[in-house]
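See below for entry.txt, which holds compact mmCIF, C-alpha atoms.
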# COMPACT_ATOMS: atom_id res chain seq x y z
CA MET A 27 -35.28 -120.42 -54.68
CA THR A 28 -38.29 -118.74 -53.16
CA VAL A 29 -41.39 -120.95 -53.29
CA ALA A 30 -44.55 -119.20 -54.43
CA LEU A 31 -47.30 -120.49 -52.17
CA ASN A 32 -50.59 -121.63 -53.65
CA GLY A 33 -53.09 -118.81 -53.19
CA GLU A 34 -56.05 -121.17 -52.83
CA GLU A 35 -54.50 -122.97 -49.87
CA ILE A 36 -53.59 -119.75 -48.12
CA ALA A 37 -57.09 -118.43 -48.83
CA LYS A 38 -58.52 -121.41 -46.92
CA LYS A 39 -56.32 -120.61 -43.93
CA ILE A 40 -57.36 -116.97 -44.05
CA ALA A 41 -61.03 -117.88 -44.37
CA GLU A 42 -60.74 -120.08 -41.26
CA ALA A 43 -59.43 -117.20 -39.19
CA TYR A 44 -61.44 -114.40 -40.79
CA PRO A 45 -64.65 -115.62 -42.44
CA ASP A 46 -65.98 -113.51 -45.33
CA SER A 47 -62.63 -111.82 -45.79
CA VAL A 48 -61.57 -113.60 -48.99
CA ALA A 49 -63.17 -112.13 -52.10
CA ALA A 50 -61.46 -114.36 -54.63
CA ALA A 51 -58.50 -116.69 -54.83
CA ASP A 52 -56.56 -118.54 -57.46
CA LYS A 53 -53.16 -120.21 -57.59
CA ALA A 54 -51.35 -116.94 -58.14
CA ALA A 55 -52.97 -114.59 -55.68
CA VAL A 56 -55.42 -114.04 -52.85
CA VAL A 57 -57.91 -111.18 -53.14
CA VAL A 58 -59.31 -109.99 -49.83
CA THR A 59 -62.04 -107.49 -49.11
CA ASN A 60 -61.16 -103.92 -48.43
CA GLN A 61 -62.39 -103.91 -44.82
CA SER A 62 -60.45 -106.99 -43.73
CA LEU A 63 -57.14 -106.09 -45.38
CA TYR A 64 -55.28 -104.98 -42.28
CA ALA A 65 -56.49 -107.93 -40.21
CA VAL A 66 -55.45 -110.38 -42.93
CA ALA A 67 -52.07 -108.70 -43.37
CA GLU A 68 -51.46 -108.93 -39.64
CA PHE A 69 -52.55 -112.56 -39.72
CA LEU A 70 -50.14 -113.35 -42.54
CA LYS A 71 -47.29 -111.63 -40.76
CA SER A 72 -47.76 -113.13 -37.32
CA THR A 73 -49.03 -116.66 -37.97
CA PRO A 74 -46.36 -119.31 -37.35
CA GLY A 75 -45.72 -121.23 -40.53
CA LEU A 76 -46.49 -118.25 -42.73
CA ASP A 77 -44.39 -115.46 -41.16
CA PHE A 78 -44.56 -112.99 -44.02
CA ASP A 79 -42.05 -110.61 -42.51
CA TYR A 80 -40.97 -108.88 -45.71
CA LEU A 81 -42.90 -106.66 -48.10
CA ASN A 82 -41.21 -106.91 -51.49
CA ASP A 83 -43.44 -104.56 -53.34
CA LEU A 84 -46.64 -102.61 -53.07
CA THR A 85 -48.29 -101.34 -56.20
CA ALA A 86 -51.66 -100.60 -57.74
CA VAL A 87 -53.45 -101.38 -61.00
CA ASP A 88 -56.33 -99.55 -62.62
CA TYR A 89 -58.88 -101.96 -64.14
CA LEU A 90 -61.41 -99.18 -64.91
CA ASP A 91 -64.13 -101.04 -62.94
CA TYR A 92 -62.02 -100.98 -59.84
CA LEU A 93 -58.58 -100.07 -58.54
CA GLU A 94 -56.54 -102.95 -57.23
CA VAL A 95 -53.73 -102.68 -54.69
CA VAL A 96 -51.18 -105.48 -54.92
CA TYR A 97 -48.90 -106.62 -52.10
CA HIS A 98 -45.97 -108.92 -52.83
CA LEU A 99 -45.10 -110.57 -49.56
CA SER A 100 -42.36 -112.99 -48.72
CA SER A 101 -40.95 -114.72 -45.71
CA LEU A 102 -37.24 -114.64 -45.11
CA LYS A 103 -37.62 -117.36 -42.51
CA HIS A 104 -39.37 -119.95 -44.71
CA ASN A 105 -38.29 -118.55 -48.07
CA HIS A 106 -41.75 -118.49 -49.60
CA SER A 107 -43.86 -115.77 -51.15
CA LEU A 108 -47.47 -114.74 -51.69
CA VAL A 109 -49.37 -112.13 -53.67
CA LEU A 110 -52.11 -110.39 -51.74
CA LYS A 111 -54.60 -108.08 -53.42
CA THR A 112 -57.47 -105.85 -52.48
CA ARG A 113 -59.93 -103.89 -54.60
CA CYS A 114 -61.52 -100.46 -54.33
CA TYR A 115 -64.72 -100.01 -56.28
CA LYS A 116 -65.17 -96.33 -55.48
CA ARG A 117 -63.11 -94.49 -58.06
CA GLU A 118 -63.78 -91.05 -56.61
CA GLU A 119 -62.37 -91.71 -53.17
CA PRO A 120 -60.71 -95.10 -52.91
CA VAL A 121 -59.53 -95.85 -49.37
CA VAL A 122 -57.31 -98.71 -48.19
CA THR A 123 -55.93 -99.25 -44.70
CA SER A 124 -52.22 -98.53 -44.47
CA VAL A 125 -49.86 -101.38 -43.63
CA VAL A 126 -46.95 -99.16 -42.61
CA ARG A 127 -47.33 -100.34 -39.01
CA LEU A 128 -46.66 -103.91 -40.17
CA TRP A 129 -44.02 -103.31 -42.83
CA ARG A 130 -42.03 -100.07 -42.82
CA ALA A 131 -41.24 -100.66 -46.50
CA ALA A 132 -44.83 -99.70 -47.29
CA ASP A 133 -44.17 -96.06 -46.37
CA TYR A 134 -42.76 -94.76 -49.67
CA GLN A 135 -44.65 -97.30 -51.76
CA GLU A 136 -47.99 -96.16 -50.39
CA ARG A 137 -47.02 -92.55 -50.96
CA GLU A 138 -46.17 -93.39 -54.55
CA VAL A 139 -49.49 -95.17 -55.07
CA TYR A 140 -51.29 -92.22 -53.50
CA ASP A 141 -49.38 -89.86 -55.76
CA LEU A 142 -49.88 -91.64 -59.07
CA MET A 143 -53.13 -93.57 -58.52
CA GLY A 144 -54.94 -91.44 -55.99
CA ILE A 145 -55.64 -94.16 -53.46
CA THR A 146 -55.79 -92.85 -49.90
CA PHE A 147 -54.11 -95.00 -47.27
CA GLU A 148 -55.82 -94.67 -43.92
CA GLY A 149 -53.42 -94.50 -41.00
CA HIS A 150 -50.35 -93.58 -43.03
CA PRO A 151 -48.08 -91.31 -40.95
CA ASN A 152 -47.08 -88.93 -43.75
CA LEU A 153 -49.34 -89.32 -46.76
CA LYS A 154 -48.29 -86.71 -49.30
CA ARG A 155 -47.07 -86.73 -52.89
CA LEU A 156 -43.75 -88.48 -53.37
CA LEU A 157 -42.70 -88.03 -57.01
CA LEU A 158 -44.83 -85.15 -58.22
CA TRP A 159 -45.01 -81.78 -56.58
CA GLU A 160 -47.59 -80.47 -54.16
CA GLY A 161 -50.66 -79.16 -55.95
CA PHE A 162 -50.30 -81.28 -59.09
CA VAL A 163 -53.76 -81.78 -60.58
CA GLY A 164 -54.84 -85.38 -61.14
CA HIS A 165 -53.27 -88.78 -60.70
CA PRO A 166 -51.33 -89.58 -63.89
CA LEU A 167 -51.21 -93.38 -63.80
CA ARG A 168 -54.98 -93.71 -63.83
CA ARG A 169 -56.33 -94.80 -67.15
CA ASP A 170 -58.77 -91.91 -67.37
CA TYR A 171 -56.04 -89.31 -66.89
CA LEU A 172 -55.90 -86.89 -69.86
CA MET B 14 -29.68 -63.33 -23.32
CA GLU B 15 -32.27 -64.35 -25.77
CA ILE B 16 -31.16 -66.51 -28.62
CA GLU B 17 -32.57 -65.56 -31.94
CA ARG B 18 -34.12 -68.62 -33.47
CA PRO B 19 -34.16 -68.88 -37.22
CA GLU B 20 -37.59 -69.44 -38.64
CA ILE B 21 -37.75 -73.04 -39.76
CA ALA B 22 -40.35 -73.80 -42.35
CA SER B 23 -42.60 -76.78 -41.82
CA PRO B 24 -42.32 -79.68 -44.28
CA HIS B 25 -45.61 -78.64 -45.81
CA GLU B 26 -44.40 -75.07 -46.33
CA ILE B 27 -41.26 -76.40 -48.01
CA ASP B 28 -43.41 -78.56 -50.32
CA VAL B 29 -45.64 -75.65 -51.23
CA ALA B 30 -42.66 -73.41 -51.91
CA GLU B 31 -41.10 -76.07 -54.13
CA ALA B 32 -44.38 -76.54 -56.01
CA SER B 33 -44.70 -72.82 -56.64
CA ARG B 34 -41.11 -72.70 -57.96
CA ILE B 35 -41.87 -75.56 -60.35
CA GLU B 36 -45.18 -74.11 -61.50
CA LYS B 37 -43.66 -70.66 -62.07
CA LEU B 38 -40.83 -72.10 -64.12
CA ARG B 39 -43.27 -74.25 -66.07
CA GLU B 40 -45.44 -71.28 -66.92
CA SER B 41 -42.50 -69.13 -67.97
CA CYS B 42 -40.89 -71.86 -70.10
CA GLN B 43 -43.60 -72.74 -72.59
CA GLN B 44 -41.55 -71.64 -75.59
CA PRO B 45 -38.06 -72.90 -76.43
CA ILE B 46 -35.20 -70.46 -76.01
CA PRO B 47 -33.61 -69.73 -79.42
CA ASP B 48 -30.17 -71.24 -79.84
CA PRO B 49 -27.39 -68.66 -79.45
CA ASP B 50 -26.24 -67.79 -82.97
CA SER B 51 -24.58 -64.37 -82.60
CA TRP B 52 -21.17 -66.03 -83.01
CA LEU B 53 -22.00 -67.04 -86.58
CA ASP B 54 -21.27 -63.64 -88.13
CA GLU B 55 -18.44 -62.97 -85.71
CA GLU B 56 -15.75 -63.95 -88.17
CA ILE B 57 -16.82 -61.36 -90.71
CA SER B 58 -16.80 -58.45 -88.29
CA ARG B 59 -13.46 -59.33 -86.76
CA ASN B 60 -11.11 -56.51 -86.02
CA VAL B 61 -7.57 -57.05 -87.28
CA LEU B 62 -6.14 -55.68 -84.04
CA VAL B 63 -7.65 -58.31 -81.78
CA THR B 64 -7.63 -61.38 -84.00
CA THR B 65 -4.30 -62.67 -82.73
CA VAL B 66 -5.30 -62.12 -79.14
CA ASP B 67 -8.58 -63.83 -79.88
CA TYR B 68 -6.80 -66.74 -81.47
CA VAL B 69 -4.56 -67.33 -78.47
CA LEU B 70 -7.36 -66.80 -75.98
CA ASP B 71 -9.79 -69.07 -77.79
CA TRP B 72 -7.12 -71.71 -78.20
CA ALA B 73 -6.41 -71.62 -74.47
CA ARG B 74 -10.06 -71.64 -73.57
CA SER B 75 -11.08 -74.47 -75.83
CA ARG B 76 -8.22 -76.67 -74.60
CA SER B 77 -9.09 -76.33 -70.94
CA ILE B 78 -12.82 -76.77 -70.71
CA PHE B 79 -14.03 -77.78 -67.28
CA PRO B 80 -17.18 -79.85 -67.67
CA LEU B 81 -19.82 -79.95 -64.99
CA MET B 82 -20.82 -83.30 -63.54
CA PHE B 83 -24.41 -83.45 -64.58
CA GLY B 84 -25.90 -86.86 -65.26
CA LEU B 85 -29.68 -87.01 -65.07
CA ALA B 86 -30.43 -90.42 -66.54
CA CYS B 87 -28.95 -93.27 -68.57
CA CYS B 88 -26.99 -90.94 -70.89
CA ALA B 89 -24.79 -90.22 -67.89
CA PHE B 90 -23.16 -93.63 -68.32
CA GLU B 91 -22.03 -92.77 -71.80
CA MET B 92 -20.68 -89.50 -70.40
CA ILE B 93 -18.81 -91.48 -67.73
CA GLY B 94 -17.56 -93.79 -70.46
CA THR B 95 -16.34 -90.78 -72.38
CA ALA B 96 -14.47 -89.55 -69.35
CA ALA B 97 -12.88 -92.89 -68.56
CA SER B 98 -9.66 -94.28 -69.97
CA ARG B 99 -10.95 -95.86 -73.18
CA PHE B 100 -12.30 -92.71 -74.78
CA ASP B 101 -10.24 -90.45 -72.55
CA ILE B 102 -11.70 -86.98 -72.45
CA SER B 103 -8.39 -85.74 -71.01
CA ARG B 104 -7.08 -85.58 -74.57
CA PHE B 105 -9.06 -82.37 -74.88
CA GLY B 106 -7.86 -80.92 -71.61
CA MET B 107 -11.09 -81.84 -69.84
CA ASP B 108 -9.37 -83.79 -67.10
CA ILE B 109 -11.72 -83.26 -64.23
CA PHE B 110 -15.48 -83.19 -64.07
CA ARG B 111 -16.24 -80.46 -61.58
CA TRP B 112 -18.89 -80.96 -58.92
CA SER B 113 -19.35 -77.23 -58.42
CA PRO B 114 -21.00 -75.12 -61.12
CA ARG B 115 -18.81 -72.21 -60.04
CA GLN B 116 -15.71 -74.00 -61.31
CA ALA B 117 -17.21 -75.32 -64.52
CA ASP B 118 -17.80 -73.79 -67.92
CA LEU B 119 -19.36 -76.63 -69.90
CA MET B 120 -22.62 -78.21 -68.83
CA ILE B 121 -23.30 -81.61 -70.40
CA VAL B 122 -26.98 -82.22 -69.68
CA ALA B 123 -27.11 -85.99 -70.04
CA GLY B 124 -30.57 -87.47 -69.71
CA THR B 125 -34.26 -86.90 -69.15
CA LEU B 126 -35.13 -83.66 -67.42
CA THR B 127 -38.28 -83.64 -65.32
CA TRP B 128 -40.15 -80.54 -64.23
CA LYS B 129 -39.32 -81.34 -60.63
CA MET B 130 -35.61 -81.25 -61.46
CA ALA B 131 -35.88 -78.24 -63.76
CA PRO B 132 -35.50 -75.48 -61.11
CA ALA B 133 -32.27 -77.12 -59.96
CA VAL B 134 -30.92 -77.20 -63.53
CA LYS B 135 -31.80 -73.55 -64.00
CA LEU B 136 -30.11 -72.68 -60.70
CA VAL B 137 -26.95 -74.59 -61.58
CA TYR B 138 -26.81 -72.94 -64.99
CA ASP B 139 -27.21 -69.50 -63.45
CA GLN B 140 -24.44 -70.26 -60.96
CA MET B 141 -21.93 -71.03 -63.69
CA ALA B 142 -19.58 -68.18 -64.51
CA GLU B 143 -19.41 -66.71 -68.01
CA PRO B 144 -18.30 -67.79 -70.55
CA LYS B 145 -20.33 -70.99 -70.39
CA TRP B 146 -21.55 -73.57 -72.88
CA VAL B 147 -24.24 -76.21 -72.81
CA ILE B 148 -24.41 -79.57 -74.58
CA ALA B 149 -27.79 -81.29 -74.75
CA MET B 150 -26.91 -84.96 -74.81
CA GLY B 151 -29.41 -87.58 -75.96
CA ALA B 152 -32.95 -87.56 -77.31
CA CYS B 153 -34.56 -86.69 -73.97
CA ALA B 154 -32.44 -83.61 -73.37
CA ILE B 155 -32.95 -82.43 -76.95
CA SER B 156 -36.72 -82.81 -77.24
CA GLY B 157 -38.06 -84.92 -74.38
CA GLY B 158 -37.60 -88.03 -76.50
CA THR B 159 -40.23 -90.71 -76.02
CA PHE B 160 -41.43 -88.88 -72.92
CA ARG B 161 -42.18 -85.65 -74.77
CA GLU B 162 -45.95 -85.86 -74.21
CA SER B 163 -45.52 -86.92 -70.62
CA TYR B 164 -46.93 -85.02 -67.66
CA SER B 165 -43.63 -84.75 -65.89
CA VAL B 166 -40.91 -84.33 -68.52
CA VAL B 167 -39.52 -81.08 -69.91
CA PRO B 168 -39.87 -81.28 -73.72
CA GLY B 169 -36.29 -80.30 -74.46
CA ILE B 170 -33.91 -78.50 -72.14
CA ASN B 171 -33.92 -75.49 -74.46
CA ARG B 172 -37.13 -74.53 -72.66
CA ILE B 173 -35.03 -73.86 -69.59
CA ILE B 174 -31.55 -72.90 -70.76
CA PRO B 175 -29.98 -71.94 -74.11
CA VAL B 176 -28.21 -74.86 -75.77
CA ASP B 177 -25.06 -74.62 -77.89
CA VAL B 178 -24.66 -78.14 -79.23
CA TYR B 179 -27.18 -80.96 -79.54
CA VAL B 180 -25.84 -84.52 -79.54
CA PRO B 181 -28.56 -86.90 -80.74
CA GLY B 182 -28.79 -90.56 -79.85
CA CYS B 183 -30.45 -92.75 -77.27
CA PRO B 184 -27.96 -92.68 -75.74
CA PRO B 185 -25.26 -91.23 -78.03
CA ARG B 186 -22.03 -93.19 -78.17
CA PRO B 187 -18.96 -91.62 -76.57
CA GLU B 188 -17.69 -90.88 -80.07
CA GLY B 189 -20.83 -88.81 -80.60
CA LEU B 190 -20.25 -86.87 -77.42
CA ILE B 191 -16.62 -86.28 -78.36
CA TYR B 192 -17.81 -84.98 -81.73
CA GLY B 193 -20.13 -82.62 -79.88
CA ILE B 194 -17.26 -81.44 -77.72
CA ARG B 195 -15.20 -80.81 -80.88
CA GLN B 196 -18.08 -78.69 -82.16
CA ILE B 197 -17.92 -76.69 -78.93
CA HIS B 198 -14.18 -76.21 -79.58
CA GLY B 199 -15.01 -74.90 -83.03
CA LYS B 200 -17.54 -72.54 -81.58
CA ILE B 201 -15.15 -71.23 -78.94
CA GLY B 202 -12.62 -70.65 -81.73
CA LYS B 203 -14.97 -68.13 -83.29
CA GLU B 204 -15.55 -66.09 -80.16
CA THR B 205 -13.93 -62.75 -79.57
CA ILE B 206 -12.93 -60.79 -76.50
CA LYS B 207 -14.90 -57.81 -77.76
CA ARG B 208 -18.14 -59.38 -76.67
CA ALA B 209 -16.92 -61.28 -73.68
Re-express the file's structure as structure tokens.
Amino acid sequence: MTVALNGEEIAKKIAEAYPDSVAAADKAAVVVTNQSLYAVAEFLKSTPGLDFDYLNDLTAVDYLDYLEVVYHLSSLKHNHSLVLKTRCYKREEPVVTSVVRLWRAADYQEREVYDLMGITFEGHPNLKRLLLWEGFVGHPLRRDYL
Amino acid sequence: MEIERPEIASPHEIDVAEASRIEKLRESCQQPIPDPDSWLDEEISRNVLVTTVDYVLDWARSRSIFPLMFGLACCAFEMIGTAASRFDISRFGMDIFRWSPRQADLMIVAGTLTWKMAPAVKLVYDQMAEPKWVIAMGACAISGGTFRESYSVVPGINRIIPVDVYVPGCPPRPEGLIYGIRQIHGKIGKETIKRA
């Protein structure tokens, strides 16, 4: 079975390589700052021993104070997994760096998050609405929609 | 010789065209289409001369309905179950589910219809040759079901196309669908060649 890695331990490793990048960490997940997301993701993918080569899922949650993007990563090589998160505090124009260059699976997932949550992914090759049609007003999965 | 190149729309142009189709349909379909009921008084006004012809024709028609393959959501599995050996839709002469609307005369709309899918449903319905019948199968097709207030779901397919028989359930059992098909048979039995 896939082993869920302890977020606190991974957070220490991340903090060694990229100081000030970890915003919060507990056993379940690592929260990194918005600016350092791409660097941390690249670190997690390419570091021997971690090798997170597979993106299971990319989704977003609206906590009213902030929007949180959640990455479920796992390694097929070591059979372990990790939850990586990042937060956007600007509701009007939340921006997160795209991870499509690292994991191709992020392509549709980021489009879906953009469509339903309104989070812009910087560097995405084809960021347009996926489920709803062009010109739809609003982002329906936000809690202040309607 | 110069080759004439067809104008290929850019992906963005295709998206915009699709959006305008959806928005137009959405604007024009705010009120439900009344259910067709002209057949109800048909029996009274029947002409003696054509009743026998009608009887034979309706009998033939109702025993060879060609349903259209049209599963939108989970109700489709009950429709597949109805078609398979246990419930055996072939008993009613509905052996083959047609993939082409041009060869079908019964449309079983099984499942949730979203506004993005709606133009396709309308197109398929318009492509079917007369006479044609529509069954709305399941709560979502009838009224939108639990998704009625949703931003993306059509609140009942009778906004888009006229419906002959509603089969309630979430999803309805195959027996329910078969009952609905029997109702369609009854309805066909009351139709006359005068109108068709």
May I have the residues of chain B within 12 Å of chain A, counting all atoms listed in the file, written as a ChimeraX atom specification?
/B:24-36,127-130,162-166
Close residues, stretch 120-130 of chain A itself excluded, 8 Å, only C-alpha atoms, min 5 positions apart in chain, as a PDB file with C-alpha atoms, in the frame of the given file:
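Generated file (around_7.pdb):
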ATOM      1  CA  ASN A  60     -61.160-103.920 -48.430  1.00  0.00           C
ATOM      2  CA  GLN A  61     -62.390-103.910 -44.820  1.00  0.00           C
ATOM      3  CA  LEU A  63     -57.140-106.090 -45.380  1.00  0.00           C
ATOM      4  CA  TYR A  64     -55.280-104.980 -42.280  1.00  0.00           C
ATOM      5  CA  ALA A  67     -52.070-108.700 -43.370  1.00  0.00           C
ATOM      6  CA  GLU A  68     -51.460-108.930 -39.640  1.00  0.00           C
ATOM      7  CA  LYS A  71     -47.290-111.630 -40.760  1.00  0.00           C
ATOM      8  CA  ASP A  79     -42.050-110.610 -42.510  1.00  0.00           C
ATOM      9  CA  TYR A  80     -40.970-108.880 -45.710  1.00  0.00           C
ATOM     10  CA  LEU A  81     -42.900-106.660 -48.100  1.00  0.00           C
ATOM     11  CA  LEU A  93     -58.580-100.070 -58.540  1.00  0.00           C
ATOM     12  CA  CYS A 114     -61.520-100.460 -54.330  1.00  0.00           C
ATOM     13  CA  TYR A 115     -64.720-100.010 -56.280  1.00  0.00           C
ATOM     14  CA  GLU A 136     -47.990 -96.160 -50.390  1.00  0.00           C
ATOM     15  CA  GLY A 144     -54.940 -91.440 -55.990  1.00  0.00           C
ATOM     16  CA  ILE A 145     -55.640 -94.160 -53.460  1.00  0.00           C
ATOM     17  CA  THR A 146     -55.790 -92.850 -49.900  1.00  0.00           C
ATOM     18  CA  PHE A 147     -54.110 -95.000 -47.270  1.00  0.00           C
ATOM     19  CA  GLU A 148     -55.820 -94.670 -43.920  1.00  0.00           C
ATOM     20  CA  GLY A 149     -53.420 -94.500 -41.000  1.00  0.00           C
ATOM     21  CA  HIS A 150     -50.350 -93.580 -43.030  1.00  0.00           C
TER      22      HIS A 150
END
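Atom pair atom CA of A:Tyr92 / atom CA of A:Leu110: separated by 15.9 Å.
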Identify which of the residues B:Gln116, B:Thr125, B:Thr205, B:Ser156 lies closest to B:Ala89, counting only C-alpha atoms when measuring atom-to-atom distances.
B:Thr125
For atom CA of A:Thr85 and atom CA of A:Glu119, the interatomic separation in Å (one decimal):
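If I compute the distance from atom CA of A:Thr85 to atom CA of A:Glu119, I get 17.3 Å.
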Nearest to B:Pro168 among B:Arg18, B:Arg74, B:Lys135, B:Arg39, with distances taken over all atoms listed in the file: which residue is it?
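Under the stated criterion, the closest residue is B:Arg39.
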Name the residues in contact with stretch 172-186 of chain B at a cut-off of 7 Å, using all atoms listed in the file, excluding same-chain residues fewer than 6 positions from it; report them as a PyMOL selection string.
chain B and resi 42-49+88+91+135+146-152+155+193+197
Nearby residues (only C-alpha atoms) at most 9 Å from A:Leu90, same-chain spacing under 3 positions excluded, as an mmCIF file with C-alpha atoms, in the frame of the given file:
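To be explicit, this is the file written out as selection.cif:
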data_model
loop_
_atom_site.group_PDB
_atom_site.id
_atom_site.type_symbol
_atom_site.label_atom_id
_atom_site.label_comp_id
_atom_site.auth_asym_id
_atom_site.auth_seq_id
_atom_site.Cartn_x
_atom_site.Cartn_y
_atom_site.Cartn_z
ATOM 1 C CA LEU A 93 -58.580 -100.070 -58.540
ATOM 2 C CA ARG A 117 -63.110 -94.490 -58.060
ATOM 3 C CA ARG A 168 -54.980 -93.710 -63.830
ATOM 4 C CA ARG A 169 -56.330 -94.800 -67.150
ATOM 5 C CA ASP A 170 -58.770 -91.910 -67.370
#
Kindly reconstruct stretch 168-175 of chain B with all heavy atoms and present the result as a PDB file, in the coordinates of the input.
ATOM      1  N   PRO B 168     -40.065 -80.921 -72.307  1.00  0.00           N
ATOM      2  CA  PRO B 168     -39.870 -81.280 -73.720  1.00  0.00           C
ATOM      3  C   PRO B 168     -38.688 -80.540 -74.330  1.00  0.00           C
ATOM      4  O   PRO B 168     -38.855 -79.614 -75.118  1.00  0.00           O
ATOM      5  CB  PRO B 168     -41.195 -80.917 -74.380  1.00  0.00           C
ATOM      6  CG  PRO B 168     -41.788 -79.897 -73.489  1.00  0.00           C
ATOM      7  CD  PRO B 168     -41.237 -80.059 -72.122  1.00  0.00           C
ATOM      8  N   GLY B 169     -37.499 -80.946 -73.955  1.00  0.00           N
ATOM      9  CA  GLY B 169     -36.290 -80.300 -74.460  1.00  0.00           C
ATOM     10  C   GLY B 169     -35.745 -79.300 -73.461  1.00  0.00           C
ATOM     11  O   GLY B 169     -36.474 -78.441 -72.981  1.00  0.00           O
ATOM     12  N   ILE B 170     -34.455 -79.392 -73.156  1.00  0.00           N
ATOM     13  CA  ILE B 170     -33.910 -78.500 -72.140  1.00  0.00           C
ATOM     14  C   ILE B 170     -33.774 -77.079 -72.663  1.00  0.00           C
ATOM     15  O   ILE B 170     -33.500 -76.175 -71.887  1.00  0.00           O
ATOM     16  CB  ILE B 170     -32.549 -78.989 -71.591  1.00  0.00           C
ATOM     17  CG1 ILE B 170     -31.504 -79.080 -72.711  1.00  0.00           C
ATOM     18  CG2 ILE B 170     -32.679 -80.303 -70.881  1.00  0.00           C
ATOM     19  CD1 ILE B 170     -30.097 -79.026 -72.169  1.00  0.00           C
ATOM     20  N   ASN B 171     -33.987 -76.876 -73.986  1.00  0.00           N
ATOM     21  CA  ASN B 171     -33.920 -75.490 -74.460  1.00  0.00           C
ATOM     22  C   ASN B 171     -35.146 -74.675 -74.022  1.00  0.00           C
ATOM     23  O   ASN B 171     -35.221 -73.492 -74.297  1.00  0.00           O
ATOM     24  CB  ASN B 171     -33.709 -75.422 -75.970  1.00  0.00           C
ATOM     25  CG  ASN B 171     -34.782 -76.155 -76.734  1.00  0.00           C
ATOM     26  OD1 ASN B 171     -35.732 -76.654 -76.134  1.00  0.00           O
ATOM     27  ND2 ASN B 171     -34.637 -76.228 -78.028  1.00  0.00           N
ATOM     28  N   ARG B 172     -36.084 -75.308 -73.329  1.00  0.00           N
ATOM     29  CA  ARG B 172     -37.130 -74.530 -72.660  1.00  0.00           C
ATOM     30  C   ARG B 172     -36.577 -73.790 -71.440  1.00  0.00           C
ATOM     31  O   ARG B 172     -37.109 -72.766 -71.029  1.00  0.00           O
ATOM     32  CB  ARG B 172     -38.265 -75.447 -72.171  1.00  0.00           C
ATOM     33  CG  ARG B 172     -38.932 -76.248 -73.240  1.00  0.00           C
ATOM     34  CD  ARG B 172     -39.939 -75.405 -73.985  1.00  0.00           C
ATOM     35  NE  ARG B 172     -40.505 -76.173 -75.085  1.00  0.00           N
ATOM     36  CZ  ARG B 172     -41.766 -76.568 -75.135  1.00  0.00           C
ATOM     37  NH1 ARG B 172     -42.596 -76.263 -74.175  1.00  0.00           N
ATOM     38  NH2 ARG B 172     -42.199 -77.243 -76.170  1.00  0.00           N
ATOM     39  N   ILE B 173     -35.561 -74.366 -70.846  1.00  0.00           N
ATOM     40  CA  ILE B 173     -35.030 -73.860 -69.590  1.00  0.00           C
ATOM     41  C   ILE B 173     -33.782 -73.016 -69.805  1.00  0.00           C
ATOM     42  O   ILE B 173     -33.649 -71.926 -69.259  1.00  0.00           O
ATOM     43  CB  ILE B 173     -34.685 -75.025 -68.632  1.00  0.00           C
ATOM     44  CG1 ILE B 173     -35.823 -76.027 -68.552  1.00  0.00           C
ATOM     45  CG2 ILE B 173     -34.282 -74.529 -67.260  1.00  0.00           C
ATOM     46  CD1 ILE B 173     -36.964 -75.650 -67.679  1.00  0.00           C
ATOM     47  N   ILE B 174     -32.842 -73.561 -70.583  1.00  0.00           N
ATOM     48  CA  ILE B 174     -31.550 -72.900 -70.760  1.00  0.00           C
ATOM     49  C   ILE B 174     -31.172 -72.922 -72.245  1.00  0.00           C
ATOM     50  O   ILE B 174     -31.571 -73.824 -72.969  1.00  0.00           O
ATOM     51  CB  ILE B 174     -30.442 -73.600 -69.917  1.00  0.00           C
ATOM     52  CG1 ILE B 174     -30.469 -75.119 -70.158  1.00  0.00           C
ATOM     53  CG2 ILE B 174     -30.592 -73.281 -68.457  1.00  0.00           C
ATOM     54  CD1 ILE B 174     -29.412 -75.857 -69.400  1.00  0.00           C
ATOM     55  N   PRO B 175     -30.418 -71.916 -72.713  1.00  0.00           N
ATOM     56  CA  PRO B 175     -29.980 -71.940 -74.110  1.00  0.00           C
ATOM     57  C   PRO B 175     -28.937 -73.026 -74.356  1.00  0.00           C
ATOM     58  O   PRO B 175     -28.042 -73.226 -73.533  1.00  0.00           O
ATOM     59  CB  PRO B 175     -29.369 -70.542 -74.319  1.00  0.00           C
ATOM     60  CG  PRO B 175     -29.043 -70.049 -72.969  1.00  0.00           C
ATOM     61  CD  PRO B 175     -29.980 -70.700 -72.011  1.00  0.00           C
TER      62      PRO B 175
END
